[in-house]
Amino acid sequence: MTEKRIIGLGTWLDKLAARVIEREKSLGRNLDLIRTEAGIAASGVVHLGSMADSVRAHAVCLAIQNLGYRSETIQFADDMDGLRSVPKEVPTGFDRYLLHPVSLIPDPFSCHESYAEHMENLLIEALKMVDISTTFIRGFEAYQRGTFASQMKQILLNARRIGEKIREITGQDKFLETLPYFPICSSCGRIYTATAHSFDSKSGKAAYKCRGVRLRNVWYEGCGYEGEASISRADGKLSWKTELAARWASLDIRFEAFGKDLASSILVNDWVSREILNYEPPTHVQYELFLDASRRKISKSRGGSVFTPQLWFRYAPPQSLTLLLLKRIKGTRVISHQLIPALINELDRLRNAYLEREGHPKERGLYAYVYNLRPPKEKGMLAPFSLLLQLAEDAPVGDEQSFIEARLRKYGYALNAETYERIGMAIRFTTDFGHVESRAPVLEGRVRSAFAEFAERLADTETAEDIQQLMFNTARKHDLEPSDLFRTVYEALLGQPKGPRLGPYIIDLGKERALARLRQVLEPGAAQNL
Ligand SMILES: [Zn+2]
Ligand SMILES: [Zn+2]
């Protein structure tokens, strides 16, 4: 048997971290501090996509540290962006701020300095819930300090070459006529409506005229003002096709991921970084996209179906969200509440594997990253979340809490703080979403025949003890380990492999209901009228 060498903790994060380090070595760059970066959109309510960028950039940084190098994560808030549409959460009347930079719009909820700060804080708070704090840079402040002034100078001096490259890569020819720079019109206060047409490198100023702009097929008329914008102040921002390059070179970024939709923009930025700014661009990976329930890309600006981290935390432990974001990077994923029960079950399974040192090393590694490499050590049998959901569904309305507590006591589960929290989540989940069907186990061979016989003879049992006995006898008769049969029956009844002692549990559930579910698993589609 050949044994594969395990890098770090064996997850994709470790492989990626090793790749970043190897590349930095081969480039001959100094390894004193390896920075990862995530960009944060500040123009709308934070959604799972923006959370994903931050959590992953941070996890890659942890993986680099774990391989013995200093690393930090920069979160860069794109708060010079103009407001393209007003999210439905925002009070009416904000239409008048359309295309104004979000850092210069007041906070619609009046609790922060600006619109952007309010939105940025939603993400910062969500990251706090999963114990992540990183270096945070606000775009507006960075431009105001002149952080990118020298890169901007190079970019604007080479605007013609860049415009041609943009046309070559993306087909877009607008930067053949205008500079890749968006000035804020100092008369009407909007960005994008003003176009910069010339740059004076001596004064560091770009001349512009507010002509108007077409965005998503809507024409925004310019105010006609002509003025100058300084690259040493927050008078404007670089276009998307060049700003990343300026950021990488200026902040010395060695890793930045991107979503598939930005692929061509990344190609341009890589070229600008290398050819114009003489800075080898960071290692990239392309991430999966998150789709909403209607299979569209989750977007901050489109109202209606945004699944926010805050919403997730109402129904599930924060780490179940980190698990979703760190599990894998490829493919697309539909985000809805239906993912929640399975992810909590998986989190519990990984916890068990971690504490018992069972399973594949990479699963234990994933669990460690979910907890920022400091996973809790305490053991204790947690009640399965699917059991809590079932109990919440069965409980008399208005009396859910005490009903669930009484059942958990009866089944011998510890009622600790974590369990109380989860009871609350299960009740909210059931109240807001109703029943979510769990996936049925696949039945094959001897397990199938034993399962079928157990289902057939369950009706004849009377007591909880009878049911226990029936399970052991049936397993033996079919030459199975009792634990294999138990696991399958729990999967059928609860959607996960462990549960309370089966006899008393089936009595509480009701034998008829248990039977109906077992039959449904044996013959999917046959028993629709439960
Ligand atoms: Zn606020
Ligand atoms: Zn204007």
# chains A, B, ... in the order shown; residues from 1 in each chain; ligands from 1

$ closest_atom_pairs --of "chain A" --to "ligand 2" --cutoff "9 Å" --atoms "only C-alpha atoms and all ligand atoms" --output "Markdown table"
| residue | atom | partner | partner_atom_place_in_ligand_line | distance |
| --- | --- | --- | --- | --- |
| A:Ile184 | CA | ligand 2 | 1 (Zn) | 7.8 |
| A:Cys185 | CA | ligand 2 | 1 (Zn) | 4.5 |
| A:Ser186 | CA | ligand 2 | 1 (Zn) | 6.6 |
| A:Ser187 | CA | ligand 2 | 1 (Zn) | 5.1 |
| A:Cys188 | CA | ligand 2 | 1 (Zn) | 4.0 |
| A:Gly189 | CA | ligand 2 | 1 (Zn) | 6.2 |
| A:Arg190 | CA | ligand 2 | 1 (Zn) | 6.0 |
| A:Ile191 | CA | ligand 2 | 1 (Zn) | 8.1 |
| A:Thr193 | CA | ligand 2 | 1 (Zn) | 6.5 |
| A:Ala194 | CA | ligand 2 | 1 (Zn) | 6.3 |
| A:Lys209 | CA | ligand 2 | 1 (Zn) | 7.7 |
| A:Cys210 | CA | ligand 2 | 1 (Zn) | 4.6 |
| A:Arg211 | CA | ligand 2 | 1 (Zn) | 7.6 |
| A:Gly212 | CA | ligand 2 | 1 (Zn) | 7.9 |
| A:Glu221 | CA | ligand 2 | 1 (Zn) | 8.7 |
| A:Gly222 | CA | ligand 2 | 1 (Zn) | 5.4 |
| A:Cys223 | CA | ligand 2 | 1 (Zn) | 4.2 |
| A:Gly224 | CA | ligand 2 | 1 (Zn) | 6.1 |
| A:Tyr225 | CA | ligand 2 | 1 (Zn) | 5.5 |
| A:Glu226 | CA | ligand 2 | 1 (Zn) | 8.2 |

$ write_last_selection --atoms "C-alpha atoms" --output "compact mmCIF listing (two decimals), in the first residue's frame"
# COMPACT_ATOMS: atom_id res chain seq x y z
CA ILE A 184 -17.08 61.20 -8.02
CA CYS A 185 -18.80 64.18 -9.60
CA SER A 186 -18.28 66.97 -7.12
CA SER A 187 -21.46 68.70 -8.27
CA CYS A 188 -24.08 65.93 -8.13
CA GLY A 189 -22.16 63.55 -5.83
CA ARG A 190 -22.57 60.50 -8.06
CA ILE A 191 -19.93 58.03 -9.25
CA THR A 193 -21.94 59.24 -14.35
CA ALA A 194 -18.70 61.20 -14.64
CA LYS A 209 -17.13 65.52 -17.25
CA CYS A 210 -20.41 64.29 -15.78
CA ARG A 211 -21.98 62.94 -18.98
CA GLY A 212 -24.28 60.20 -17.73
CA GLU A 221 -28.40 61.50 -17.11
CA GLY A 222 -25.24 63.38 -16.12
CA CYS A 223 -25.34 66.85 -14.58
CA GLY A 224 -22.84 68.24 -17.11
CA TYR A 225 -20.32 69.38 -14.52
CA GLU A 226 -16.64 69.42 -15.50

$ closest_atom_pairs --of "chain A" --to "ligand 1" --cutoff "6 Å" --atoms "only C-alpha atoms and all ligand atoms" --output "JSON lines"
{"residue": "A:Asp107", "atom": "CA", "partner": "ligand 1", "partner_atom_place_in_ligand_line": "1 (Zn)", "distance": 5.4}
{"residue": "A:Phe109", "atom": "CA", "partner": "ligand 1", "partner_atom_place_in_ligand_line": "1 (Zn)", "distance": 5.0}
{"residue": "A:Ser110", "atom": "CA", "partner": "ligand 1", "partner_atom_place_in_ligand_line": "1 (Zn)", "distance": 5.4}
{"residue": "A:Cys111", "atom": "CA", "partner": "ligand 1", "partner_atom_place_in_ligand_line": "1 (Zn)", "distance": 3.6}
{"residue": "A:His112", "atom": "CA", "partner": "ligand 1", "partner_atom_place_in_ligand_line": "1 (Zn)", "distance": 4.0}
{"residue": "A:His118", "atom": "CA", "partner": "ligand 1", "partner_atom_place_in_ligand_line": "1 (Zn)", "distance": 4.0}

$ closest_residue --among "A:Lys327, A:Lys260, A:Arg374, A:Arg487" --to "A:Val447" --atoms "only C-alpha atoms"
A:Arg487

$ residues_around --residues "A:Asn66" --least-positions-apart "6" --cutoff "9 Å" --atoms "only C-alpha atoms" --output "list in words"
Gly8, Leu9, Asp14 and Leu373 of chain A

$ residues_around --residues "A:Glu481" --least-positions-apart "6" --cutoff "12 Å" --atoms "only C-alpha atoms" --output "JSON, numbers by chain"
{"A": [446, 447, 450, 471, 472, 473, 474, 475, 487, 488]}

$ write_last_selection --atoms "N, CA, C and O atoms" --output "CSV table (one decimal), in the first residue's frame"
chain,number,residue,atom,x,y,z
A,446,ARG,N,-28.5,-8.0,3.3
A,446,ARG,CA,-29.1,-8.5,4.6
A,446,ARG,C,-29.7,-7.4,5.4
A,446,ARG,O,-30.6,-7.7,6.2
A,447,VAL,N,-29.1,-6.2,5.3
A,447,VAL,CA,-29.7,-5.1,6.1
A,447,VAL,C,-31.2,-4.9,5.6
A,447,VAL,O,-32.1,-4.7,6.4
A,450,ALA,N,-33.4,-7.7,7.0
A,450,ALA,CA,-33.6,-7.6,8.5
A,450,ALA,C,-34.5,-6.4,8.8
A,450,ALA,O,-35.4,-6.5,9.6
A,471,MET,N,-35.3,-6.0,17.9
A,471,MET,CA,-34.1,-5.6,17.2
A,471,MET,C,-33.0,-6.5,17.3
A,471,MET,O,-32.4,-6.9,16.3
A,472,PHE,N,-32.6,-6.9,18.5
A,472,PHE,CA,-31.5,-7.8,18.7
A,472,PHE,C,-31.7,-9.1,18.0
A,472,PHE,O,-30.8,-9.6,17.3
A,473,ASN,N,-32.9,-9.7,18.2
A,473,ASN,CA,-33.2,-11.0,17.6
A,473,ASN,C,-33.1,-11.0,16.1
A,473,ASN,O,-32.6,-11.9,15.4
A,474,THR,N,-33.7,-9.9,15.5
A,474,THR,CA,-33.8,-9.8,14.0
A,474,THR,C,-32.3,-9.7,13.5
A,474,THR,O,-32.0,-10.3,12.5
A,475,ALA,N,-31.5,-8.9,14.1
A,475,ALA,CA,-30.2,-8.7,13.7
A,475,ALA,C,-29.4,-10.0,13.7
A,475,ALA,O,-28.8,-10.4,12.7
A,487,ARG,N,-28.5,1.4,13.4
A,487,ARG,CA,-28.1,2.6,12.7
A,487,ARG,C,-29.1,2.9,11.6
A,487,ARG,O,-29.6,4.0,11.4
A,488,THR,N,-29.4,1.8,10.8
A,488,THR,CA,-30.3,2.0,9.7
A,488,THR,C,-31.7,2.4,10.1
A,488,THR,O,-32.4,3.2,9.5

$ residues_around --residues "stretch 39-43 of chain A" --least-positions-apart "3" --cutoff "10 Å" --atoms "only C-alpha atoms" --output "NGL selection string"
:A and (46-47 or 49-51 or 53-54 or 57 or 74-87 or 101-103 or 115-123 or 136-139 or 244 or 256-258 or 300-301)

$ residues_around --residues "A:Met381" --least-positions-apart "6" --cutoff "10 Å" --atoms "only C-alpha atoms" --output "list of chain:residue names"
A:Asp348, A:Asn352, A:Gly412, A:Tyr413, A:Ala414, A:Leu415, A:Thr419

$ closest_residue --among "A:Lys377, A:Arg439, A:Lys237, A:Lys477" --to "A:Phe140" --atoms "only C-alpha atoms"
A:Lys237

$ select_by_dssp --residues "stretch 233-448 of chain A" --states "strand (DSSP E)" --output "ChimeraX atom specification"
/A:236-238,253-256,258-259,286-287,290-291,333-334

$ closest_residue --among "A:Glu421, A:Asp466, A:Asp399, A:Asp235" --to "A:Leu382" --atoms "only C-alpha atoms"
A:Glu421

$ atom_distance --atom1 "atom CA of A:Ala459" --atom2 "atom CA of A:Ala514"
10.0 Å

$ atom_distance --atom1 "atom CA of A:Val370" --atom2 "atom CA of A:Phe313"
15.0 Å

$ residues_around --residues "A:Glu228" --least-positions-apart "5" --cutoff "8 Å" --atoms "only C-alpha atoms" --output "list in words"
Lys205, Ala206, Ala207 and Tyr208 of chain A

$ closest_residue --among "A:Val45, A:Ala149, A:Leu262, A:Ile253" --to "A:Pro282" --atoms "only C-alpha atoms"
A:Ile253

$ closest_residue --among "A:Ile6, A:Ser273, A:Gly44, A:Leu324" --to "A:Lys88" --atoms "only C-alpha atoms"
A:Gly44
